[in-house]
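Here's the structure we're looking at; comments come further down.
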Amino acid sequence: MKTPILLGMLAWAALAGEPNLPCDYFKSLLHFRLGALEAEQVLHYPFQTFDEKNGYCAEEMDHGGMGYMFAVWNMESGKIFGFSEPSGRDPNAYDTTFWAYRQGRWVELNDVAPPLSLQDFWDEHRPVPAELKPHAFFEMTLPRKGTTIKVWLKGICVKGDCENGYRIGREATYDHLELVWQAKRGRFVKGTRSRER
């Protein structure tokens with residue numbers, strides 16, 4: 001038996017056909033991820049950025065509320081799509097996933113970006129304290145221009161323990177890492193690290 005969400009996604013796919021412009025893909029992925037009803041509500045958020053030229057699309061709520069961001073990278077064999085949505089781990093941050101659109105279906109890609117760890121933001125000559133690892137959160141900022149993703153290190157509270165989250169901000173050597181796009185490989189690699197906050 002098909003659920004209402006699945007029926008909504010199938011109806012959207014039948015009506016929309018093959019996406020054409022970057023923000024058409026964004027709308028299609030929103031429907032796939034959220035279901036038709038919630039996606040349509042999101043598409044009525046008051047702050048909208050549809051930059052077809054740069055392959056960047058965003059729907060953001062007013063008054064600093066969260067929203068959804070989307071970016072496109074071209075490679076020799078097609079396109080890769082990045083999608084940022086409110087995180088389940090930190091209500092003030094975004095989770096980012098990567099997708100491909102193949103034969104009318106969305107497929108999540110788990111090997112586009114390298115795995116990140118707290119060690120990536122730490123001095124190579126100091127060990128990372130084990131108790132801090134669960135408190136590390138890596139938030140990606142999708143680019144509107146260019147192809148490089150900025151990754152920000154954030155410390156978060158876990159089960160009411162906020163002190164270790166604060167320690168990450170104080171003790172980490174870096175708080176910013178770039179992920180550099182390599183079109184021929186269709187992958188991101190780790191690039192420059194810095195402290196910007």
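Please note that chains go A, B, ... in the order of the structure tokens, that every chain numbers its residues from 1, and that ligands are numbered from 1 in the order shown.
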Can you list, as a PyMOL selection string, every residue of segment 4-179 of chain A that DSSP puts in alpha helix (DSSP H)? chain A and resi 4-16+22-34+36-42+163-171
Could you find all residues in segment 53-136 of chain A that DSSP calls strand (DSSP E or B) from the backbone, and write them as a count of residues only? 38
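The gap separating atom CA of Pro86 of chain A from atom CA of Glu171 of chain A is 26.4 Å, in Å to one decimal.
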Which residues come within 12 Å of Gly146 of chain A, counting only C-alpha atoms, excluding same-chain residues fewer than 2 positions away, as a ChimeraX atom specification? /A:53-56,71-74,142-144,148-150,179-181
Please produce a file of those selected residues containing C-alpha atoms, as a PDB file, in the first residue's frame.
```pdb
ATOM      1  CA  LYS A  53      23.286  31.086 -13.512  1.00  0.00           C
ATOM      2  CA  ASN A  54      25.381  29.979 -10.541  1.00  0.00           C
ATOM      3  CA  GLY A  55      23.371  26.830  -9.809  1.00  0.00           C
ATOM      4  CA  TYR A  56      22.362  27.988  -6.325  1.00  0.00           C
ATOM      5  CA  ALA A  71      23.951  23.911  -5.135  1.00  0.00           C
ATOM      6  CA  VAL A  72      25.042  22.192  -8.347  1.00  0.00           C
ATOM      7  CA  TRP A  73      28.498  21.006  -9.441  1.00  0.00           C
ATOM      8  CA  ASN A  74      29.203  19.905 -12.998  1.00  0.00           C
ATOM      9  CA  LEU A 142      27.209  25.544   0.035  1.00  0.00           C
ATOM     10  CA  PRO A 143      28.740  28.091  -2.347  1.00  0.00           C
ATOM     11  CA  ARG A 144      26.627  30.492  -4.351  1.00  0.00           C
ATOM     12  CA  THR A 148      34.447  25.325  -2.883  1.00  0.00           C
ATOM     13  CA  ILE A 149      32.466  24.310   0.206  1.00  0.00           C
ATOM     14  CA  LYS A 150      33.336  25.901   3.540  1.00  0.00           C
ATOM     15  CA  LEU A 179      36.471  21.242   0.513  1.00  0.00           C
ATOM     16  CA  VAL A 180      37.803  21.728  -3.004  1.00  0.00           C
ATOM     17  CA  TRP A 181      35.864  20.368  -5.984  1.00  0.00           C
TER      18      TRP A 181
END
```
Do you know which residues are at most 6 Å from segment 107-124 of chain A counting only C-alpha atoms, after dropping those on the same chain fewer than 6 positions away, and could you put them as a list in words?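 Result of the neighbour search: Phe98, Trp99, Ala100, Ala172, Thr173, Tyr174, Arg187 and Phe188 of chain A.
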So that I can see what lies close to Tyr45 of chain A, please list as a ChimeraX atom specification the residues with an atom at most 8 Å from it, counting only C-alpha atoms and leaving out residues fewer than 3 positions away in the same chain. /A:41-42,48,59-62
Calculated over only C-alpha atoms, which of the candidates A:Asp51, A:Pro46, A:Glu131, A:Phe83 has the smallest distance to Glu163 of chain A? A:Glu131
